[in-house]
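File shown: final29.cif. Contents: mmCIF, C-alpha atoms.
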```cif
data_model
loop_
_atom_site.label_atom_id
_atom_site.label_comp_id
_atom_site.auth_asym_id
_atom_site.auth_seq_id
_atom_site.Cartn_x
_atom_site.Cartn_y
_atom_site.Cartn_z
CA MET Z 1 -7.18 -27.89 21.72
CA ARG Z 2 -10.18 -27.68 19.41
CA ARG Z 3 -13.78 -28.60 20.08
CA ARG Z 4 -14.97 -31.61 18.08
CA PRO Z 5 -18.43 -32.09 16.57
CA PRO Z 6 -20.85 -34.04 18.78
CA LEU Z 7 -21.44 -37.72 18.25
CA PRO Z 8 -24.32 -38.67 15.98
CA PRO Z 9 -27.30 -40.05 17.92
CA GLY Z 10 -27.73 -43.60 19.23
CA PRO Z 11 -28.75 -46.35 19.28
CA TYR Z 12 -25.53 -47.42 17.54
CA LEU Z 13 -24.92 -50.49 15.39
CA VAL Z 14 -21.21 -51.26 15.17
CA MET Z 15 -20.45 -53.42 12.14
CA GLY Z 16 -17.27 -55.46 12.48
CA LEU Z 17 -16.05 -56.43 15.96
CA ARG Z 18 -12.35 -56.90 15.54
CA VAL Z 19 -9.83 -54.61 17.23
CA SER Z 20 -11.12 -51.17 16.23
CA GLY Z 21 -14.79 -52.13 16.09
CA ALA Z 22 -14.76 -53.80 19.49
CA ALA Z 23 -13.02 -50.76 21.00
CA ALA Z 24 -15.61 -48.45 19.42
CA ALA Z 25 -18.48 -50.55 20.76
CA ARG Z 26 -17.11 -50.44 24.31
CA THR Z 27 -16.54 -46.69 24.11
CA LEU Z 28 -20.00 -45.93 22.74
CA LEU Z 29 -21.68 -47.65 25.69
CA ALA Z 30 -21.16 -44.41 27.62
CA HIS Z 31 -23.21 -42.57 24.99
CA GLY Z 32 -26.22 -44.80 24.32
CA GLU Z 33 -27.50 -48.23 23.39
CA VAL Z 34 -24.97 -50.24 21.39
CA MET Z 35 -25.48 -53.25 19.13
CA GLY Z 36 -22.69 -55.06 17.33
CA CYS Z 37 -22.39 -57.65 14.59
CA ASP Z 38 -19.66 -59.54 12.80
CA LEU Z 39 -19.71 -62.11 10.02
CA GLY Z 40 -17.28 -64.25 12.00
CA ARG Z 41 -16.54 -64.96 15.65
CA PRO Z 42 -13.54 -62.70 16.39
CA ALA Z 43 -11.80 -63.11 19.71
CA GLU Z 44 -11.97 -59.34 20.18
CA ALA Z 45 -15.76 -59.64 20.58
CA ASP Z 46 -15.35 -61.72 23.74
CA GLY Z 47 -16.76 -59.87 26.72
CA LEU Z 48 -18.75 -57.31 24.75
CA ALA Z 49 -22.10 -58.86 25.72
CA GLU Z 50 -21.13 -58.84 29.39
CA ALA Z 51 -20.17 -55.18 29.04
CA GLY Z 52 -23.65 -54.36 27.74
CA VAL Z 53 -23.36 -54.58 23.95
CA GLU Z 54 -26.07 -56.57 22.17
CA VAL Z 55 -23.91 -58.87 20.05
CA GLU Z 56 -24.74 -60.94 16.96
CA LEU Z 57 -21.88 -63.07 15.65
CA GLU Z 58 -21.86 -64.86 12.29
CA SER Z 59 -24.39 -62.21 11.28
CA ASP Z 60 -24.49 -59.42 8.70
CA GLY Z 61 -26.56 -57.31 11.12
CA LEU Z 62 -29.36 -56.71 8.63
CA ASP Z 63 -32.00 -57.46 11.27
CA LEU Z 64 -30.50 -54.84 13.60
CA VAL Z 65 -30.35 -51.90 11.19
CA GLY Z 66 -33.93 -50.76 11.73
CA ARG Z 67 -33.29 -50.26 15.45
CA ALA Z 68 -30.23 -48.03 14.92
CA ARG Z 69 -29.99 -44.31 14.35
CA THR Z 70 -26.28 -44.51 13.50
CA VAL Z 71 -24.30 -47.33 11.88
CA VAL Z 72 -20.61 -47.29 12.80
CA LYS Z 73 -18.68 -49.12 10.10
CA SER Z 74 -15.36 -50.78 10.89
CA PRO Z 75 -12.67 -50.47 8.19
CA GLY Z 76 -13.00 -54.06 7.02
CA VAL Z 77 -16.72 -53.73 6.21
CA PRO Z 78 -17.26 -52.80 2.54
CA ALA Z 79 -19.65 -50.07 1.47
CA HIS Z 80 -21.77 -52.60 -0.44
CA ALA Z 81 -22.48 -54.76 2.64
CA PRO Z 82 -26.25 -55.37 2.81
CA ALA Z 83 -26.72 -53.73 6.21
CA VAL Z 84 -24.77 -50.63 5.11
CA ALA Z 85 -26.86 -50.34 1.95
CA ALA Z 86 -30.06 -50.80 3.97
CA ALA Z 87 -29.02 -48.12 6.45
CA ARG Z 88 -28.30 -45.59 3.73
CA ALA Z 89 -31.53 -46.42 1.93
CA GLY Z 90 -33.40 -45.84 5.19
CA GLY Z 91 -31.77 -42.50 5.91
CA ILE Z 92 -29.72 -43.87 8.83
CA GLU Z 93 -26.35 -42.16 9.25
CA VAL Z 94 -23.32 -44.32 8.36
CA VAL Z 95 -19.98 -43.19 9.76
CA GLY Z 96 -16.57 -44.79 10.16
CA GLU Z 97 -15.00 -45.71 13.48
CA LEU Z 98 -12.14 -43.28 12.75
CA ASP Z 99 -14.58 -40.38 12.65
CA ILE Z 100 -16.37 -41.52 15.81
CA ALA Z 101 -13.15 -41.94 17.81
CA TRP Z 102 -11.71 -38.61 16.60
CA ARG Z 103 -14.80 -36.76 17.87
CA LEU Z 104 -14.12 -38.11 21.36
CA ILE Z 105 -10.45 -37.03 21.37
CA THR Z 106 -9.70 -33.35 21.88
CA ALA Z 107 -5.91 -33.68 21.92
CA ASP Z 108 -4.17 -32.43 18.78
CA PHE Z 109 -4.57 -35.01 16.05
CA VAL Z 110 -2.10 -35.86 13.27
CA ALA Z 111 -3.19 -38.24 10.48
CA VAL Z 112 -0.91 -39.94 7.95
CA THR Z 113 -2.21 -41.63 4.83
CA GLY Z 114 -0.83 -42.80 1.48
CA THR Z 115 -0.41 -46.04 -0.41
CA ASN Z 116 2.92 -46.89 1.20
CA GLY Z 117 4.99 -45.79 4.17
CA LYS Z 118 2.19 -44.95 6.63
CA THR Z 119 3.34 -47.14 9.50
CA THR Z 120 6.98 -46.07 9.22
CA THR Z 121 6.01 -42.39 9.08
CA VAL Z 122 3.63 -42.42 12.04
CA GLU Z 123 6.17 -44.25 14.18
CA LEU Z 124 8.85 -41.79 13.07
CA LEU Z 125 6.54 -38.88 13.99
CA GLY Z 126 6.08 -40.52 17.37
CA ALA Z 127 9.86 -40.61 17.78
CA ILE Z 128 10.14 -36.94 16.77
CA HIS Z 129 7.56 -35.87 19.35
CA ARG Z 130 9.25 -37.91 22.06
CA ALA Z 131 12.62 -36.38 21.17
CA ALA Z 132 10.97 -32.96 21.57
CA GLY Z 133 9.56 -33.91 24.99
CA ILE Z 134 5.95 -33.82 23.74
CA GLU Z 135 3.46 -36.37 25.05
CA VAL Z 136 2.42 -38.53 22.09
CA VAL Z 137 0.38 -41.67 21.37
CA VAL Z 138 0.68 -43.55 18.07
CA ALA Z 139 -2.68 -45.09 17.22
CA GLY Z 140 -5.04 -46.30 14.52
CA ASN Z 141 -3.94 -49.08 12.17
CA VAL Z 142 -0.86 -49.39 14.39
CA GLY Z 143 -0.59 -49.21 18.15
CA THR Z 144 -3.61 -48.38 20.29
CA PRO Z 145 -7.14 -48.52 18.80
CA LEU Z 146 -8.30 -44.93 18.50
CA ALA Z 147 -11.50 -45.48 20.46
CA GLU Z 148 -9.45 -46.40 23.52
CA LEU Z 149 -8.18 -42.82 23.57
CA ALA Z 150 -11.65 -41.31 24.04
CA GLY Z 151 -11.44 -38.33 26.34
CA ALA Z 152 -7.74 -37.67 25.69
CA THR Z 153 -7.10 -33.95 25.91
CA ALA Z 154 -3.31 -33.60 26.29
CA GLY Z 155 -0.38 -34.13 23.97
CA VAL Z 156 -0.66 -35.35 20.39
CA VAL Z 157 -2.28 -38.39 18.78
CA VAL Z 158 -0.52 -39.58 15.62
CA CYS Z 159 -2.74 -41.88 13.58
CA GLU Z 160 -2.23 -44.05 10.52
CA ALA Z 161 -5.36 -43.63 8.39
CA SER Z 162 -6.21 -46.07 5.61
CA SER Z 163 -8.50 -45.52 2.64
CA PHE Z 164 -10.92 -47.98 4.28
CA GLN Z 165 -11.15 -45.67 7.29
CA LEU Z 166 -11.23 -42.41 5.38
CA GLU Z 167 -13.98 -43.39 2.94
CA ASP Z 168 -16.49 -43.09 5.80
CA ALA Z 169 -15.09 -39.90 7.36
CA THR Z 170 -17.82 -37.27 7.46
CA GLU Z 171 -16.53 -34.64 9.93
CA PHE Z 172 -12.90 -35.71 10.35
CA ALA Z 173 -10.57 -32.68 10.39
CA PRO Z 174 -7.11 -33.38 11.89
CA GLU Z 175 -4.89 -30.49 12.96
CA ALA Z 176 -2.22 -31.90 10.64
CA ALA Z 177 -2.36 -34.49 7.88
CA ALA Z 178 0.13 -35.96 5.43
CA LEU Z 179 -0.48 -37.79 2.15
CA LEU Z 180 2.77 -39.61 1.41
CA ASN Z 181 2.16 -40.99 -2.08
CA LEU Z 182 -0.53 -42.50 -4.29
CA SER Z 183 -0.40 -45.57 -6.53
CA GLU Z 184 -2.89 -48.24 -7.54
CA ASP Z 185 -4.06 -50.30 -4.56
CA HIS Z 186 -7.23 -51.83 -3.12
CA ILE Z 187 -9.05 -51.71 -6.46
CA ASP Z 188 -10.95 -54.82 -5.32
CA ARG Z 189 -12.47 -52.68 -2.55
CA HIS Z 190 -12.85 -49.24 -4.14
CA GLY Z 191 -13.57 -50.29 -7.73
CA THR Z 192 -11.45 -47.61 -9.43
CA PHE Z 193 -8.25 -45.72 -8.77
CA ALA Z 194 -10.25 -42.49 -8.75
CA ALA Z 195 -12.45 -43.75 -5.90
CA TYR Z 196 -9.37 -44.90 -3.98
CA ARG Z 197 -7.71 -41.50 -4.49
CA ASP Z 198 -10.84 -39.66 -3.40
CA ALA Z 199 -10.97 -41.70 -0.19
CA LYS Z 200 -7.38 -40.72 0.60
CA LEU Z 201 -8.01 -37.03 -0.10
CA ARG Z 202 -10.81 -36.94 2.46
CA VAL Z 203 -8.07 -36.58 5.09
CA PHE Z 204 -7.75 -32.92 4.00
CA ALA Z 205 -11.32 -32.10 3.03
CA ARG Z 206 -12.50 -30.46 6.26
CA GLN Z 207 -9.24 -29.00 7.56
CA ARG Z 208 -9.20 -25.35 8.63
CA ALA Z 209 -6.86 -22.50 7.82
CA GLU Z 210 -4.79 -23.02 10.98
CA ASP Z 211 -4.14 -26.68 10.11
CA VAL Z 212 -1.26 -28.23 8.14
CA ALA Z 213 -1.54 -30.39 5.00
CA VAL Z 214 1.68 -32.13 3.87
CA VAL Z 215 2.01 -33.51 0.34
CA PRO Z 216 4.80 -34.36 -2.09
CA VAL Z 217 5.26 -31.92 -4.94
CA GLY Z 218 2.95 -33.10 -7.71
CA LEU Z 219 0.11 -34.17 -5.43
CA GLU Z 220 -2.45 -31.61 -4.31
CA PRO Z 221 -4.68 -31.87 -1.24
CA GLY Z 222 -7.80 -30.73 -3.06
CA GLY Z 223 -10.43 -29.25 -0.75
CA GLY Z 224 -9.86 -27.91 2.72
CA GLU Z 225 -8.31 -24.67 3.91
CA ALA Z 226 -5.08 -25.86 5.54
CA ARG Z 227 -1.63 -24.44 4.97
CA VAL Z 228 -0.05 -26.69 2.33
CA VAL Z 229 3.54 -27.83 3.00
CA ARG Z 230 5.27 -29.65 0.13
CA PHE Z 231 8.35 -31.88 0.04
CA ALA Z 232 10.50 -33.13 -2.83
CA ARG Z 233 13.78 -34.80 -3.63
CA GLY Z 234 15.68 -32.14 -5.58
CA ALA Z 235 15.72 -28.35 -5.58
CA GLU Z 236 12.07 -28.06 -6.57
CA SER Z 237 10.97 -24.45 -6.37
CA ARG Z 238 7.58 -25.32 -4.86
CA ALA Z 239 9.01 -27.52 -2.11
CA ASP Z 240 9.11 -26.24 1.46
CA LEU Z 241 11.35 -29.18 2.39
CA ALA Z 242 13.75 -30.29 -0.34
CA LEU Z 243 16.80 -32.47 -0.82
CA VAL Z 244 19.51 -30.20 -2.21
CA ASP Z 245 23.01 -31.61 -2.90
CA GLY Z 246 22.44 -34.37 -0.37
CA VAL Z 247 21.17 -32.06 2.37
CA LEU Z 248 17.60 -31.65 3.67
CA VAL Z 249 16.61 -27.98 3.53
CA PHE Z 250 13.43 -26.60 5.14
CA GLU Z 251 12.29 -23.16 4.04
CA GLY Z 252 15.83 -22.21 3.06
CA THR Z 253 17.56 -23.47 6.22
CA GLU Z 254 19.68 -26.63 6.26
CA LEU Z 255 18.31 -29.38 8.49
CA MET Z 256 20.74 -32.29 8.09
CA PRO Z 257 22.62 -34.37 5.51
CA ALA Z 258 20.40 -37.10 4.11
CA ASP Z 259 23.07 -39.75 4.69
CA GLN Z 260 22.61 -39.25 8.45
CA ILE Z 261 19.05 -40.60 8.27
CA ARG Z 262 19.10 -44.11 9.70
CA LEU Z 263 16.28 -45.60 7.61
CA ARG Z 264 17.32 -47.56 4.52
CA GLY Z 265 16.07 -46.86 0.98
CA ALA Z 266 14.96 -43.95 -1.18
CA HIS Z 267 11.31 -44.47 -0.25
CA ASN Z 268 12.22 -44.05 3.41
CA LEU Z 269 13.91 -40.78 2.54
CA ASP Z 270 10.49 -39.62 1.33
CA ASN Z 271 8.88 -40.85 4.55
CA ALA Z 272 11.50 -39.01 6.59
CA MET Z 273 10.99 -35.82 4.59
CA ALA Z 274 7.21 -35.97 5.07
CA ALA Z 275 7.58 -36.48 8.82
CA ALA Z 276 10.15 -33.71 9.11
CA ALA Z 277 8.05 -31.30 7.04
CA LEU Z 278 4.97 -31.91 9.18
CA ALA Z 279 6.86 -31.61 12.46
CA LEU Z 280 8.74 -28.45 11.49
CA ALA Z 281 5.61 -26.81 10.09
CA ARG Z 282 3.95 -27.39 13.47
CA GLY Z 283 6.80 -25.73 15.31
CA ILE Z 284 8.78 -28.70 16.64
CA GLU Z 285 12.41 -27.78 17.19
CA PRO Z 286 14.82 -28.86 14.41
CA ASP Z 287 17.16 -30.52 16.94
CA ALA Z 288 14.39 -32.98 17.90
CA VAL Z 289 13.71 -33.74 14.24
CA ARG Z 290 17.40 -34.33 13.55
CA GLN Z 291 17.78 -36.58 16.59
CA ALA Z 292 14.82 -38.77 15.63
CA LEU Z 293 15.79 -39.07 11.97
CA ALA Z 294 19.32 -40.07 12.91
CA THR Z 295 18.27 -42.78 15.39
CA PHE Z 296 14.88 -44.20 14.34
CA PRO Z 297 15.50 -47.81 13.17
CA GLY Z 298 12.23 -48.51 11.34
CA VAL Z 299 9.31 -50.82 12.08
CA ALA Z 300 8.67 -54.54 12.10
CA HIS Z 301 7.73 -56.11 8.76
CA ARG Z 302 9.04 -53.17 6.72
CA LEU Z 303 12.60 -53.84 5.51
CA GLU Z 304 13.23 -55.50 8.86
CA GLU Z 305 16.62 -57.22 8.89
CA VAL Z 306 15.78 -60.40 10.78
CA ALA Z 307 18.83 -62.62 10.37
CA ARG Z 308 22.16 -63.13 8.69
CA ALA Z 309 23.37 -66.64 7.87
CA ARG Z 310 26.58 -67.60 6.04
CA GLY Z 311 26.90 -64.11 4.64
CA VAL Z 312 23.29 -63.87 3.39
CA LEU Z 313 21.02 -61.13 4.76
CA TYR Z 314 17.36 -62.06 5.40
CA VAL Z 315 14.91 -59.15 5.24
CA ASN Z 316 11.24 -59.21 6.23
CA ASP Z 317 9.25 -56.73 4.13
CA SER Z 318 5.89 -58.46 4.61
CA LYS Z 319 4.11 -55.11 4.86
CA ALA Z 320 4.83 -54.58 1.15
CA THR Z 321 1.31 -55.65 0.15
CA ASN Z 322 1.16 -53.96 -3.27
CA PRO Z 323 3.53 -53.77 -6.25
CA ASP Z 324 4.70 -50.22 -5.64
CA SER Z 325 5.65 -51.03 -2.06
CA ALA Z 326 7.49 -54.17 -3.18
CA ARG Z 327 9.28 -52.16 -5.86
CA VAL Z 328 10.73 -49.70 -3.36
CA GLY Z 329 11.63 -52.57 -1.06
CA ILE Z 330 13.67 -54.23 -3.79
CA GLU Z 331 15.20 -50.87 -4.74
CA ALA Z 332 16.59 -50.57 -1.20
CA PHE Z 333 19.32 -53.05 -2.24
CA PRO Z 334 21.84 -52.54 -5.05
CA GLY Z 335 21.45 -56.07 -6.37
CA GLY Z 336 21.80 -59.74 -5.55
CA VAL Z 337 18.20 -60.02 -4.33
CA HIS Z 338 16.30 -63.31 -4.10
CA VAL Z 339 12.77 -61.97 -3.75
CA ILE Z 340 9.72 -63.88 -2.53
CA LEU Z 341 6.56 -62.56 -4.22
CA GLY Z 342 2.89 -63.50 -4.03
CA GLY Z 343 -0.12 -64.02 -1.83
CA SER Z 344 -3.77 -63.09 -2.30
CA LEU Z 345 -4.81 -60.89 -5.21
CA LYS Z 346 -6.13 -57.34 -4.79
CA GLY Z 347 -7.29 -56.58 -8.31
CA GLY Z 348 -4.24 -54.90 -9.89
CA GLY Z 349 -1.32 -56.02 -12.04
CA PHE Z 350 2.39 -56.54 -11.41
CA GLY Z 351 3.89 -54.79 -14.43
CA ALA Z 352 5.45 -52.12 -12.19
CA LEU Z 353 7.82 -54.79 -10.86
CA ARG Z 354 9.33 -55.87 -14.19
CA GLU Z 355 12.12 -53.31 -14.37
CA VAL Z 356 13.28 -53.51 -10.77
CA VAL Z 357 13.12 -57.32 -10.68
CA GLY Z 358 15.18 -57.47 -13.87
CA GLU Z 359 17.74 -54.98 -12.54
CA ARG Z 360 18.15 -55.94 -8.88
CA CYS Z 361 17.09 -59.60 -8.48
CA ARG Z 362 18.91 -62.87 -9.03
CA ALA Z 363 15.60 -64.78 -9.00
CA ALA Z 364 11.99 -64.53 -7.87
CA TYR Z 365 10.16 -67.19 -5.86
CA LEU Z 366 6.40 -67.11 -6.39
CA VAL Z 367 3.72 -68.18 -3.92
CA GLY Z 368 0.01 -68.20 -3.30
CA GLU Z 369 -3.02 -67.21 -5.31
CA ALA Z 370 -1.00 -64.65 -7.31
CA GLU Z 371 1.62 -67.17 -8.45
CA GLU Z 372 0.35 -67.68 -12.00
CA GLN Z 373 -0.32 -63.98 -12.66
CA LEU Z 374 3.14 -63.10 -11.39
CA ALA Z 375 4.68 -65.75 -13.61
CA ARG Z 376 2.89 -64.33 -16.67
CA GLU Z 377 3.64 -60.68 -15.97
CA LEU Z 378 7.27 -61.12 -14.89
CA GLY Z 379 8.19 -63.61 -17.60
CA GLY Z 380 11.54 -62.84 -19.26
CA THR Z 381 12.99 -60.87 -16.34
CA VAL Z 382 14.87 -63.35 -14.13
CA ALA Z 383 14.51 -67.00 -13.19
CA LEU Z 384 11.00 -67.49 -11.78
CA HIS Z 385 10.34 -70.38 -9.41
CA ARG Z 386 6.75 -71.44 -8.69
CA CYS Z 387 6.93 -72.50 -5.06
CA GLY Z 388 3.33 -72.45 -3.84
CA THR Z 389 4.05 -71.80 -0.17
CA LEU Z 390 6.23 -69.42 1.77
CA GLU Z 391 8.11 -72.32 3.32
CA ARG Z 392 9.08 -73.81 -0.06
CA ALA Z 393 9.98 -70.38 -1.42
CA PHE Z 394 12.19 -69.67 1.58
CA ALA Z 395 13.99 -73.00 1.29
CA SER Z 396 14.66 -72.47 -2.43
CA ALA Z 397 15.87 -68.90 -1.97
CA ALA Z 398 18.09 -69.78 0.99
CA ALA Z 399 19.68 -72.62 -0.95
CA ALA Z 400 20.40 -70.39 -3.96
CA ALA Z 401 21.62 -67.23 -2.19
CA ARG Z 402 25.37 -66.62 -1.95
CA PRO Z 403 27.38 -64.52 0.55
CA GLY Z 404 26.68 -60.82 0.05
CA GLU Z 405 23.20 -61.46 -1.37
CA VAL Z 406 19.76 -60.87 0.14
CA VAL Z 407 16.70 -63.07 0.65
CA LEU Z 408 13.83 -60.60 0.70
CA LEU Z 409 10.17 -61.25 1.49
CA SER Z 410 8.48 -58.34 -0.31
CA PRO Z 411 5.28 -59.99 -1.53
CA ALA Z 412 3.43 -57.23 -3.47
CA CYS Z 413 0.23 -58.95 -2.33
CA ALA Z 414 -2.05 -59.31 0.64
CA SER Z 415 -1.66 -62.39 2.81
CA PHE Z 416 -5.20 -63.63 3.30
CA ASP Z 417 -4.87 -66.77 1.17
CA ALA Z 418 -2.48 -68.32 3.70
CA PHE Z 419 -2.07 -66.09 6.77
CA ARG Z 420 -4.20 -64.02 9.15
CA ASP Z 421 -2.49 -60.82 8.07
CA TYR Z 422 0.87 -59.46 6.95
CA GLU Z 423 2.21 -59.63 10.53
CA HIS Z 424 1.51 -63.36 10.70
CA ARG Z 425 3.26 -63.84 7.34
CA GLY Z 426 6.24 -61.73 8.45
CA GLU Z 427 6.54 -63.60 11.73
CA ARG Z 428 6.66 -66.90 9.85
CA PHE Z 429 9.42 -65.57 7.58
CA ARG Z 430 11.33 -64.27 10.61
CA ASP Z 431 11.09 -67.69 12.28
CA LEU Z 432 12.37 -69.41 9.14
CA ALA Z 433 15.26 -66.95 8.81
CA GLN Z 434 16.29 -67.23 12.43
CA ALA Z 435 16.18 -71.01 12.22
CA GLU Z 436 18.42 -70.78 9.15
CA ALA Z 437 20.84 -68.57 11.07
CA SER Z 438 20.99 -70.92 14.06
CA GLY Z 439 21.44 -74.07 11.97
CA PRO Z 440 24.70 -75.93 11.34
CA GLY Z 441 27.43 -74.23 9.33
#
```

Could you rewrite the structure in this file as structure tokens?
Amino acid sequence: MRRRPPLPPGPYLVMGLRVSGAAAARTLLAHGEVMGCDLGRPAEADGLAEAGVEVELESDGLDLVGRARTVVKSPGVPAHAPAVAAARAGGIEVVGELDIAWRLITADFVAVTGTNGKTTTVELLGAIHRAAGIEVVVAGNVGTPLAELAGATAGVVVCEASSFQLEDATEFAPEAAALLNLSEDHIDRHGTFAAYRDAKLRVFARQRAEDVAVVPVGLEPGGGEARVVRFARGAESRADLALVDGVLVFEGTELMPADQIRLRGAHNLDNAMAAAALALARGIEPDAVRQALATFPGVAHRLEEVARARGVLYVNDSKATNPDSARVGIEAFPGGVHVILGGSLKGGGFGALREVVGERCRAAYLVGEAEEQLARELGGTVALHRCGTLERAFASAAAAARPGEVVLLSPACASFDAFRDYEHRGERFRDLAQAEASGPG
């Protein structure tokens, strides 16, 4: 158990009052005066005023900045927000809610970041710790808001950390951290791939020599002093955990055959290797790692098999919100895929999907704001159907799919043009698939 840095001084202005921001505001009440603002009227803000937080809704908080000594920025608040810019111009400290919550948790802390696979990997790490009999809480972007764990001293906290959270980390130094992969994403928020990459690498920047940093061979953690543990598919000489002749090998000792891992797809093999490397490097017994890898079924909205109807498999991969994630989702199937693509745009292109769509898909069904761009960039691959909505895309794909084929929602886009979030989109797809399975015939 390591001492954390003290909190920065109050009064605090918490910007963004959805799940993580509201939890941070409630927690900070024990440490000073707390103000909170949100551009909307989120349900999570209900009750904050009664608890003692000075709340402004439908407000950018600009009028509150001058009264704060620390601005706590929720992940959804961009760096260019007027109140954030005003705080920095006035010398007021700006820090992310991840950093604030971490300072209040003295239990061992494991952070997982990367473009894709974070949720699967943190949940798998949770399963590994439970198999080893170690008290564990999975938190952050999934599970419990971190701020609700303030004061936790026992066990391990495993946290999914996004680039939005890490860009504001100033003191954050987890005992173990993993960077799973990096590809273009969130350019609309960060501006450049370099800025996005730098945000991710902050997970390692302040680690100490006794900590663990897990990366795939070919990616380097940059700053920080942690022990670097590398993983790779293939007998790569620099890999501490490698896939050799179909067997996972850690530091020269066989762990288990890869075909005993329950998760589907090559990308999930990488996620499993990262989780295993981190756990083994921290001294968790190999038997617990093997047990979890052999039994962990995956997470909702990530290659989630939701129904089977008349020989057609329906798979919810709504969490595939960028092209690289959609690519590995499609690659999880040998062929016969009817893929539903589209949603709100995030600033990148879809060229990375051309090869896999051409090789594995029967057709693609395009929806949302990205429909026209997808049609342009995937032209000449397979039949492309402009459907507009998820419901029309589902109906068209279900009608076309034949026994042995797959209807796959793997959108390669965010969901905000039509749904609250990717979970809402995935739930709608699941409902449609289950209705298809329960229908006549």

Taking (7.2, -53.8, -12.4) in the file's coordinates as the center, which residues reach within 9 Å of it, counting only C-alpha atoms, put as a PyMOL selection string?
chain Z and resi 323-324+327+349-358+377-378

Between CA of Pro221 in chain Z and CA of Leu201 in chain Z lies a distance of 6.2 Å

| Interatomic distance between CA of Ser344 in chain Z and CA of Ala85 in chain Z? |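 Value for the CA of Ser344 in chain Z-CA of Ala85 in chain Z distance: 26.7 Å.
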
_Would you compute the distance between CA of Pro257 in chain Z and CA of Ala272 in chain Z? Give it in Å to one decimal._
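One can read the CA of Pro257 in chain Z to CA of Ala272 in chain Z distance as 12.1 Å.
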
Using the chain letters and numbers from this file, what does the PyMOL selection byres ((chain Z and resi 293-301) around 7) select? Give the answer as a VMD selection string. chain Z and resid 120 124 260 to 263 272 289 to 292 302 to 304 316 to 319 423 426

(message) Need to verify the contact set: Asp287 in chain Z, 12 Å, only C-alpha atoms, exclusion of same-chain residues closer than 2 positions in sequence. Can you return it as a list in words?
(response)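 Listing them by chain and then by number gives Ile128, His129, Arg130, Ala131, Ala132, Gly133, Glu254, Leu255, Met256, Ala276, Ala279, Leu280, Gly283, Ile284, Glu285, Val289, Arg290, Gln291, Ala292, Leu293 and Ala294 of chain Z.
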
Resulting file, chosen residues, C-alpha atoms, as an mmCIF file, in the frame of the given file:
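Here's the written file part31.cif:
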```
data_model
loop_
_atom_site.group_PDB
_atom_site.id
_atom_site.type_symbol
_atom_site.label_atom_id
_atom_site.label_comp_id
_atom_site.auth_asym_id
_atom_site.auth_seq_id
_atom_site.Cartn_x
_atom_site.Cartn_y
_atom_site.Cartn_z
ATOM 1 C CA ILE Z 128 10.140 -36.940 16.770
ATOM 2 C CA HIS Z 129 7.560 -35.870 19.350
ATOM 3 C CA ARG Z 130 9.250 -37.910 22.060
ATOM 4 C CA ALA Z 131 12.620 -36.380 21.170
ATOM 5 C CA ALA Z 132 10.970 -32.960 21.570
ATOM 6 C CA GLY Z 133 9.560 -33.910 24.990
ATOM 7 C CA GLU Z 254 19.680 -26.630 6.260
ATOM 8 C CA LEU Z 255 18.310 -29.380 8.490
ATOM 9 C CA MET Z 256 20.740 -32.290 8.090
ATOM 10 C CA ALA Z 276 10.150 -33.710 9.110
ATOM 11 C CA ALA Z 279 6.860 -31.610 12.460
ATOM 12 C CA LEU Z 280 8.740 -28.450 11.490
ATOM 13 C CA GLY Z 283 6.800 -25.730 15.310
ATOM 14 C CA ILE Z 284 8.780 -28.700 16.640
ATOM 15 C CA GLU Z 285 12.410 -27.780 17.190
ATOM 16 C CA VAL Z 289 13.710 -33.740 14.240
ATOM 17 C CA ARG Z 290 17.400 -34.330 13.550
ATOM 18 C CA GLN Z 291 17.780 -36.580 16.590
ATOM 19 C CA ALA Z 292 14.820 -38.770 15.630
ATOM 20 C CA LEU Z 293 15.790 -39.070 11.970
ATOM 21 C CA ALA Z 294 19.320 -40.070 12.910
#
```

*asked:* Assuming the chain letters and numbering stay as they are in my file, what does the PyMOL selection byres ((chain Z and resi 329) around 12) actually select? List them as a PyMOL selection string.
replied: chain Z and resi 116-117+264-268+301-304+315-328+330-335+337+339-341+353+356-357+360-361+406-412

Taking the file as shown, what set of residues would the PyMOL selection byres ((chain Z and resi 211-220) around 6) give back, as number ranges by chain?
Z: 175-179, 208-210, 221-222, 226-232

Residues of range 57-89 of chain Z that have any atom at most 10 Å from an atom of range 17-31 of chain Z: could you tabulate them with the shortest-distance atom pair and the distance in Å to one decimal, using all atoms listed in the file, ordered by chain and increasing number, as a tab-separated table?
```
residue	atom	partner	partner_atom	distance
Z:Leu57	CA	Z:Leu17	CA	8.8
Z:Val72	CA	Z:Gly21	CA	8.3
Z:Lys73	CA	Z:Gly21	CA	7.8
Z:Ser74	CA	Z:Gly21	CA	5.4
Z:Pro75	CA	Z:Ser20	CA	8.2
Z:Gly76	CA	Z:Arg18	CA	9.0
```

Padding 3 Å on each side, edges along x, y and z: where is the centre of the box around the listed atoms of range 337-344 of chain Z, and how long are its edges in Å to one decimal? Output it as lines of an AutoDock Vina configuration file.
```
center_x = 7.2
center_y = -62.0
center_z = -3.1
size_x = 28.0
size_y = 10.0
size_z = 8.5
```

Of Z:Arg430, Z:Ala364, Z:Ala375, Z:Val312, the one sitting nearest Pro403 in chain Z when using all atoms listed in the file is Z:Val312

Neighbours of point (-5.2, -46.1, 14.8) within 12 Å, using only C-alpha atoms, written as a ChimeraX atom specification
/Z:19-21,23-24,74-75,97-99,101-102,109-113,118-119,122-123,137-149,157-162,165-166

- request: Point out the residue among Z:Tyr196, Z:Ile105, Z:Gly343, Z:Leu125 with the least atom-to-atom distance to Arg420 in chain Z, counting only C-alpha atoms.
  value: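 Closest to Arg420 in chain Z, using only C-alpha atoms: Z:Gly343.
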